[in-house]
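Student: protein37.csv is reproduced below (CSV, C-alpha atoms).
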```csv
chain,number,residue,atom,x,y,z
A,1007,MET,CA,26.2,37.1,-33.5
A,1008,LYS,CA,24.6,33.9,-34.5
A,1009,PHE,CA,21.0,33.4,-35.4
A,1010,VAL,CA,19.1,31.3,-32.9
A,1011,LYS,CA,17.6,28.6,-35.0
A,1012,PRO,CA,14.1,27.4,-34.3
A,1013,MET,CA,14.0,24.1,-32.4
A,1014,LEU,CA,12.7,21.1,-34.3
A,1015,PHE,CA,10.3,18.9,-32.3
A,1016,LEU,CA,8.1,16.1,-33.7
A,1017,ALA,CA,5.2,18.0,-32.2
A,1018,LEU,CA,5.9,20.8,-34.6
A,1019,LEU,CA,4.7,18.6,-37.4
A,1020,SER,CA,1.1,19.3,-36.2
A,1021,GLY,CA,-1.0,22.4,-37.0
A,1022,CYS,CA,-4.5,22.5,-38.2
A,1023,ALA,CA,-5.5,25.1,-40.8
A,1024,ALA,CA,-5.8,28.5,-39.2
A,1025,GLN,CA,-6.7,32.0,-40.2
A,1026,GLN,CA,-4.7,33.1,-43.3
A,1027,THR,CA,-1.7,35.3,-42.4
A,1028,GLN,CA,-0.5,38.1,-44.6
A,1029,THR,CA,3.2,38.9,-44.5
A,1030,THR,CA,5.1,41.5,-46.4
A,1031,THR,CA,8.8,42.4,-47.0
A,1032,GLU,CA,7.9,46.0,-47.6
A,1033,THR,CA,6.6,47.1,-44.3
A,1034,GLN,CA,7.7,50.7,-43.6
A,1035,THR,CA,6.8,51.2,-39.9
A,1036,LEU,CA,8.4,49.6,-36.8
A,1037,THR,CA,6.0,47.8,-34.5
A,1038,GLN,CA,6.0,48.7,-30.8
A,1039,THR,CA,7.4,45.8,-28.8
A,1040,GLU,CA,7.8,47.1,-25.3
A,1041,LYS,CA,4.4,45.6,-24.4
A,1042,TYR,CA,5.8,42.1,-24.8
A,1043,LEU,CA,8.5,42.5,-22.2
A,1044,PRO,CA,8.0,40.3,-19.1
A,1045,HIS,CA,7.8,42.1,-15.7
A,1046,GLN,CA,8.9,40.9,-12.3
A,1047,ALA,CA,6.0,41.2,-9.8
A,1048,TYR,CA,6.2,41.6,-6.0
A,1049,ASP,CA,3.9,40.6,-3.1
A,1050,GLU,CA,2.7,42.9,-0.4
A,1051,LYS,CA,5.8,42.2,1.7
A,1052,GLY,CA,8.1,43.2,-1.1
A,1053,GLN,CA,9.1,39.7,-2.0
A,1054,LYS,CA,9.5,38.6,-5.6
A,1055,ILE,CA,6.7,36.5,-7.0
A,1056,PRO,CA,8.2,33.7,-9.1
A,1057,TYR,CA,7.7,34.5,-12.7
A,1058,VAL,CA,5.8,31.8,-14.6
A,1059,PRO,CA,6.4,32.1,-18.4
A,1060,ALA,CA,3.5,31.5,-20.7
A,1061,GLU,CA,3.6,28.2,-22.6
A,1062,ASN,CA,4.4,28.0,-26.2
A,1063,PRO,CA,1.0,28.1,-27.9
A,1064,TYR,CA,2.1,26.0,-30.8
A,1065,LEU,CA,3.1,23.1,-28.7
A,1066,LYS,CA,-0.3,23.3,-26.9
A,1067,GLN,CA,-2.2,22.6,-30.1
A,1068,THR,CA,-3.7,19.2,-30.6
A,1069,GLY,CA,-4.9,17.4,-33.7
A,1070,THR,CA,-4.9,14.1,-35.5
A,1071,ILE,CA,-2.0,13.4,-37.8
A,1072,SER,CA,-1.9,10.4,-40.2
A,1073,LYS,CA,0.5,7.7,-39.4
A,1074,GLY,CA,2.1,8.0,-42.8
A,1075,SER,CA,2.9,11.7,-42.3
A,1076,VAL,CA,4.4,11.0,-38.9
A,1077,LEU,CA,6.7,8.2,-40.3
A,1078,LEU,CA,7.8,10.3,-43.2
A,1079,PHE,CA,8.6,13.2,-40.9
A,1080,ILE,CA,10.7,10.9,-38.7
A,1081,GLU,CA,12.5,9.6,-41.7
A,1082,ALA,CA,13.1,13.1,-42.9
A,1083,LYS,CA,14.7,14.0,-39.6
A,1084,LYS,CA,16.9,10.9,-39.7
A,1085,ALA,CA,18.0,11.7,-43.2
A,1086,LEU,CA,19.0,15.2,-42.1
A,1087,ALA,CA,20.9,13.8,-39.2
A,1088,ALA,CA,22.8,11.6,-41.7
A,1089,ASP,CA,23.5,14.6,-43.9
A,1090,ASP,CA,21.2,13.2,-46.6
A,1091,GLU,CA,19.5,16.5,-47.3
A,1092,LYS,CA,18.1,15.4,-50.7
A,1093,THR,CA,16.1,12.6,-49.1
A,1094,ALA,CA,14.9,14.8,-46.3
A,1095,VAL,CA,13.6,17.5,-48.7
A,1096,GLN,CA,12.0,14.8,-50.8
A,1097,LYS,CA,10.1,13.3,-47.9
A,1098,LEU,CA,9.0,16.7,-46.5
A,1099,LYS,CA,7.6,17.7,-49.9
A,1100,VAL,CA,5.7,14.5,-50.1
A,1101,ILE,CA,4.1,15.3,-46.7
A,1102,ALA,CA,3.3,18.8,-47.7
A,1103,GLU,CA,1.6,17.6,-50.9
A,1104,LYS,CA,-0.3,14.8,-49.3
A,1105,ASP,CA,-1.3,16.7,-46.1
A,1106,PRO,CA,-1.6,20.4,-46.8
A,1107,SER,CA,-3.0,21.1,-43.4
A,1108,LEU,CA,0.4,20.6,-41.8
A,1109,ALA,CA,2.7,23.6,-41.2
A,1110,GLY,CA,5.7,21.7,-39.7
A,1111,PRO,CA,7.1,20.2,-42.9
A,1112,LEU,CA,7.1,23.6,-44.6
A,1113,ALA,CA,8.8,25.3,-41.7
A,1114,MET,CA,11.4,22.5,-41.7
A,1115,LEU,CA,11.9,23.1,-45.5
A,1116,GLY,CA,12.4,26.7,-44.6
A,1117,ASP,CA,15.1,25.8,-42.1
A,1118,ILE,CA,16.9,23.7,-44.7
A,1119,SER,CA,16.8,26.6,-47.2
A,1120,MET,CA,18.2,28.9,-44.5
A,1121,THR,CA,21.1,26.5,-43.9
A,1122,ASN,CA,21.9,26.7,-47.6
A,1123,GLU,CA,21.6,30.5,-47.6
A,1124,HIS,CA,18.6,30.4,-49.9
A,1125,TYR,CA,16.9,33.2,-48.0
A,1126,ALA,CA,14.2,34.1,-50.4
A,1127,GLU,CA,13.2,30.5,-50.8
A,1128,ALA,CA,13.2,30.1,-47.0
A,1129,ALA,CA,11.0,33.1,-46.5
A,1130,GLU,CA,8.5,31.6,-49.0
A,1131,TYR,CA,8.4,28.3,-47.1
A,1132,TYR,CA,7.9,30.1,-43.8
A,1133,GLN,CA,5.1,32.2,-45.2
A,1134,LYS,CA,3.4,29.1,-46.5
A,1135,ALA,CA,3.7,27.5,-43.1
A,1136,LEU,CA,2.2,30.6,-41.4
A,1137,ALA,CA,-0.7,30.7,-43.9
A,1138,ILE,CA,-1.6,27.3,-42.6
A,1139,ASN,CA,-1.0,28.0,-38.9
A,1140,ASP,CA,-0.1,31.4,-37.7
A,1141,VAL,CA,0.6,30.1,-34.2
A,1142,ASN,CA,3.8,28.4,-35.5
A,1143,VAL,CA,6.2,30.7,-33.6
A,1144,ASN,CA,9.3,28.9,-35.0
A,1145,ALA,CA,8.1,29.8,-38.5
A,1146,TRP,CA,7.8,33.5,-37.4
A,1147,LEU,CA,11.3,33.3,-36.0
A,1148,GLY,CA,12.7,31.8,-39.2
A,1149,LEU,CA,10.9,34.3,-41.4
A,1150,GLY,CA,12.3,37.2,-39.4
A,1151,GLU,CA,15.8,35.8,-39.9
A,1152,ALA,CA,15.3,35.2,-43.6
A,1153,GLN,CA,14.1,38.8,-44.0
A,1154,ARG,CA,17.0,40.2,-42.0
A,1155,ARG,CA,19.5,38.2,-44.2
A,1156,GLN,CA,17.9,39.9,-47.2
A,1157,GLY,CA,18.4,43.3,-45.7
A,1158,GLN,CA,14.6,43.7,-45.0
A,1159,PHE,CA,15.2,45.0,-41.4
A,1160,ILE,CA,11.9,46.7,-40.8
A,1161,ALA,CA,10.0,43.7,-42.1
A,1162,ALA,CA,12.1,41.5,-39.9
A,1163,GLN,CA,11.3,43.7,-36.8
A,1164,ASN,CA,7.6,43.4,-37.7
A,1165,THR,CA,7.9,39.6,-38.0
A,1166,TYR,CA,9.6,39.2,-34.6
A,1167,ALA,CA,6.9,41.3,-33.1
A,1168,LYS,CA,4.3,38.9,-34.5
A,1169,ALA,CA,6.2,36.0,-32.9
A,1170,LEU,CA,5.9,37.8,-29.6
A,1171,GLN,CA,2.3,38.6,-30.2
A,1172,GLN,CA,1.7,34.8,-30.4
A,1173,TRP,CA,4.0,34.1,-27.5
A,1174,PRO,CA,5.3,37.1,-25.4
A,1175,ASP,CA,7.6,34.8,-23.4
A,1176,PHE,CA,9.4,33.4,-26.5
A,1177,PRO,CA,13.1,33.8,-25.4
A,1178,GLU,CA,14.7,33.4,-28.9
A,1179,ALA,CA,12.3,36.0,-30.4
A,1180,HIS,CA,13.4,38.5,-27.7
A,1181,LEU,CA,17.1,37.7,-28.4
A,1182,ASN,CA,16.9,37.9,-32.2
A,1183,LEU,CA,14.9,41.1,-31.9
A,1184,ALA,CA,17.5,42.6,-29.6
A,1185,VAL,CA,20.3,41.7,-32.1
A,1186,LEU,CA,18.2,43.4,-34.9
A,1187,TYR,CA,17.7,46.5,-32.8
A,1188,ASP,CA,21.3,46.5,-31.8
A,1189,LEU,CA,23.2,45.9,-35.0
A,1190,TYR,CA,20.9,46.7,-37.8
A,1191,LEU,CA,18.4,49.3,-36.7
A,1192,ASN,CA,20.6,51.3,-34.3
A,1193,ILE,CA,18.1,51.4,-31.5
A,1194,PRO,CA,20.3,50.4,-28.5
A,1195,GLN,CA,17.7,51.2,-25.8
A,1196,GLN,CA,15.2,48.7,-27.3
A,1197,ALA,CA,18.0,46.2,-27.8
A,1198,GLN,CA,18.9,46.4,-24.1
A,1199,ALA,CA,15.3,45.8,-23.1
A,1200,HIS,CA,15.0,42.7,-25.2
A,1201,TYR,CA,18.4,41.3,-24.3
A,1202,GLU,CA,17.3,41.7,-20.7
A,1203,ALA,CA,14.0,39.9,-21.4
A,1204,TYR,CA,15.9,37.0,-23.0
A,1205,LEU,CA,18.2,36.7,-19.9
A,1206,PHE,CA,15.3,37.0,-17.6
A,1207,LEU,CA,13.3,34.3,-19.3
A,1208,THR,CA,16.3,31.9,-19.6
A,1209,ASN,CA,17.6,32.6,-16.1
A,1210,LYS,CA,20.8,34.2,-17.5
A,1211,LYS,CA,22.1,30.8,-18.8
A,1212,THR,CA,23.7,32.3,-22.0
A,1213,HIS,CA,27.0,34.0,-21.3
A,1214,ALA,CA,27.2,35.5,-24.8
A,1215,ALA,CA,23.8,37.2,-24.4
A,1216,ALA,CA,24.9,38.6,-21.0
A,1217,ASP,CA,28.0,40.0,-22.7
A,1218,TRP,CA,25.9,41.6,-25.4
A,1219,TYR,CA,23.6,43.1,-22.8
A,1220,GLN,CA,26.5,44.6,-20.9
A,1221,GLU,CA,28.0,46.0,-24.0
A,1222,VAL,CA,24.9,47.7,-25.2
A,1223,GLN,CA,24.2,49.0,-21.6
A,1224,SER,CA,27.6,50.6,-21.7
A,1225,ARG,CA,26.5,52.6,-24.7
A,1226,THR,CA,23.0,53.5,-23.5
A,1227,GLY,CA,24.1,54.4,-20.0
A,1228,ILE,CA,20.8,53.0,-18.7
A,1229,ASN,CA,21.3,51.2,-15.5
A,1230,LYS,CA,17.7,50.6,-14.4
A,1231,SER,CA,16.0,47.4,-15.3
A,1232,PHE,CA,13.3,47.2,-18.0
A,1233,ILE,CA,12.0,44.1,-16.3
A,1234,ASP,CA,12.3,44.6,-12.6
A,1235,ALA,CA,11.2,47.9,-11.2
A,1236,GLY,CA,11.5,46.6,-7.6
A,1237,PRO,CA,8.8,46.4,-5.0
A,1238,ALA,CA,6.3,49.3,-4.9
A,1239,VAL,CA,6.9,51.9,-2.2
A,1240,LYS,CA,3.9,52.6,-0.1
A,1241,ASP,CA,2.7,56.2,0.3
A,1242,SER,CA,4.3,57.8,3.4
A,1243,THR,CA,0.8,58.9,4.7
A,1244,LYS,CA,-0.5,55.3,4.6
A,1245,LEU,CA,2.7,54.1,6.3
A,1246,ALA,CA,2.1,56.6,9.2
A,1247,ALA,CA,-1.5,55.4,9.5
A,1248,GLU,CA,-0.4,51.9,9.7
```
Just dump the structure as structure tokens.

Tutor:
Amino acid sequence: MKFVKPMLFLALLSGCAAQQTQTTTETQTLTQTEKYLPHQAYDEKGQKIPYVPAENPYLKQTGTISKGSVLLFIEAKKALAADDEKTAVQKLKVIAEKDPSLAGPLAMLGDISMTNEHYAEAAEYYQKALAINDVNVNAWLGLGEAQRRQGQFIAAQNTYAKALQQWPDFPEAHLNLAVLYDLYLNIPQQAQAHYEAYLFLTNKKTHAAADWYQEVQSRTGINKSFIDAGPAVKDSTKLAAE
């Protein structure tokens, strides 16, 4: 199964200094993640209420970015598109040095390290980005993948949980967490729940994820939905009174 890479937006360049974030690769306890599952609600007539996912909190952040940093970031992205990784890294490092309040360039350096399979280096870049701005959900996603690639499965689970803590409706965090539960932690029931969350939040647009969900469901034998419990049934005494 393929890692869902964080999307790179120009907006992700931003990010004012935030509370320092402590991350570790030696976490020994799994974090509870059921509380981050979305749930389908119903009105009094038993009709589904359209689910409105929460917005990405990172993209909602505002701040002033110097024109020079913006231009360098655009040039770095163009260099990457032209397979000129050396130039891209050079420009991103210049931004990070000149404007240490920005998390985006460090997260992008982490993505480049991931592409080159330098997982420890990638984790370090993501951790630096999160120390600047712990609302950078893409950096949490990248860090979780870097940890998983290094065999740090419990740490990765904790990291994906922190991504969902920042943004409970983060589809890719649910998907990567489901894969981790499924293939590396052998917790199929939790995997099924988070596969379903991903499909629910993306309106079942990914056929591969639907196949993974059905496969793990065949192993758990759980046919009920973790997301949609159906409309509430009124008490029979109240129905008689009505």

Student: Give me the residues within 12 Å of A:Ala1085 as a PyMOL selection string, counting only C-alpha atoms and dropping any in the same chain fewer than 6 places off.

Tutor: chain A and resi 1078-1079+1091-1098

Student: Point out the residue among A:Ala1126, A:Ala1184, A:Ala1169, A:Leu1115 with the least atom-to-atom distance to A:Gln1156, counting all atoms listed in the file.

Tutor: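 Nearest candidate to A:Gln1156 out of A:Ala1126, A:Ala1184, A:Ala1169, A:Leu1115: A:Ala1126.
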
Student: Between atom CA of A:Gln1046 and atom CA of A:Ala1238, what distance in Å does the model show, to one decimal?

Tutor: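 Atom CA of A:Ala1238 lies 11.5 Å from atom CA of A:Gln1046.
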
Student: Rank A:Glu1040, A:Pro1237, A:Thr1208, A:Ile1101 by their smallest atom-to-atom distance to A:Gln1053, using only C-alpha atoms, and report the top residue only.

Tutor: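 Looking only at the distances to A:Gln1053, the closest residue turns out to be A:Pro1237.
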
Student: If I put a ball of radius 9 Å at (1.2, 12.3, -40.4) in the file's coordinates, which residues poke into it when counting all atoms listed in the file, written as a list in words?

Tutor: Leu1019, Ser1020, Thr1070, Ile1071, Ser1072, Lys1073, Gly1074, Ser1075, Val1076, Leu1077, Leu1078, Phe1079, Ile1101, Asp1105 and Leu1108 of chain A

Student: Counting all atoms listed in the file, which of A:Ala1197, A:Ala1152, A:Ala1087, A:Phe1232 gets nearest to A:Asn1122?

Tutor: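 Looking at the shortest contact to A:Asn1122, the residue is A:Ala1152.
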
Student: Dig up all the protein and nucleic acid residues within 10 Å of (1.5, 31.3, -31.4) in the file frame, using only C-alpha atoms, and format them as a list in words.

Tutor: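 Those within range, by chain then number, are Glu1061, Asn1062, Pro1063, Tyr1064, Leu1065, Lys1066, Gln1067, Asn1139, Asp1140, Val1141, Asn1142, Val1143, Asn1144, Ala1145, Trp1146, Lys1168, Ala1169, Leu1170, Gln1171, Gln1172, Trp1173, Pro1174 and Phe1176 of chain A.
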
Student: Atom CA of A:Glu1151 to atom CA of A:Gln1163: how many Å, to one decimal?

Tutor: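 If I compute the distance from atom CA of A:Glu1151 to atom CA of A:Gln1163, I get 9.6 Å.
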
Student: When you count all atoms listed in the file, which of these residues is closest to A:Gly1110: A:Ser1231, A:Glu1221, A:Ala1162, A:Ala1137?

Tutor: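 Of the candidates, the smallest distance to A:Gly1110 is held by A:Ala1137.
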
Student: Report the distance between atom CA of A:Pro1059 and atom CA of A:Leu1207 in Å, rounded to one decimal place.

Tutor: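 About the pair atom CA of A:Pro1059 and atom CA of A:Leu1207: they are 7.3 Å apart.
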
Student: Looking at A:Gly1157, A:Lys1054, A:Ala1167, A:Ile1138, which one is nearest to A:Gln1038, with distances taken over only C-alpha atoms?

Tutor: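 For A:Gln1038, the nearest of the candidates is A:Ala1167.
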
Student: May I have the residues within 10 Å of A:His1045 as an NGL selection string, using all atoms listed in the file and disregarding those fewer than 6 positions away in the same chain?

Tutor: :A and (1057 or 1203 or 1206 or 1231-1236)

Student: May I have the residues from that selection written out with C-alpha atoms, as a compact mmCIF listing (two decimals), keeping the file's coordinate frame?

Tutor:
```
# COMPACT_ATOMS: atom_id res chain seq x y z
CA TYR A 1057 7.70 34.50 -12.70
CA ALA A 1203 14.00 39.90 -21.40
CA PHE A 1206 15.30 37.00 -17.60
CA SER A 1231 16.00 47.40 -15.30
CA PHE A 1232 13.30 47.20 -18.00
CA ILE A 1233 12.00 44.10 -16.30
CA ASP A 1234 12.30 44.60 -12.60
CA ALA A 1235 11.20 47.90 -11.20
CA GLY A 1236 11.50 46.60 -7.60
```

Student: Let me make sure I understand: among A:Thr1068, A:Ser1107, A:Gln1195, A:Thr1035, which one has the smallest atom-to-atom distance to A:Ser1224 if we use all atoms listed in the file?

Tutor: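 Selected residue with least distance to A:Ser1224: A:Gln1195.
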
Student: Near A:Leu1183, counting only C-alpha atoms, which residues have an atom at most 7 Å away, once you skip same-chain residues fewer than 4 positions from it, shown as a list in words?

Tutor: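 Answer for this query is Gln1163, Tyr1166, Ala1179, Tyr1187 and His1200 of chain A.
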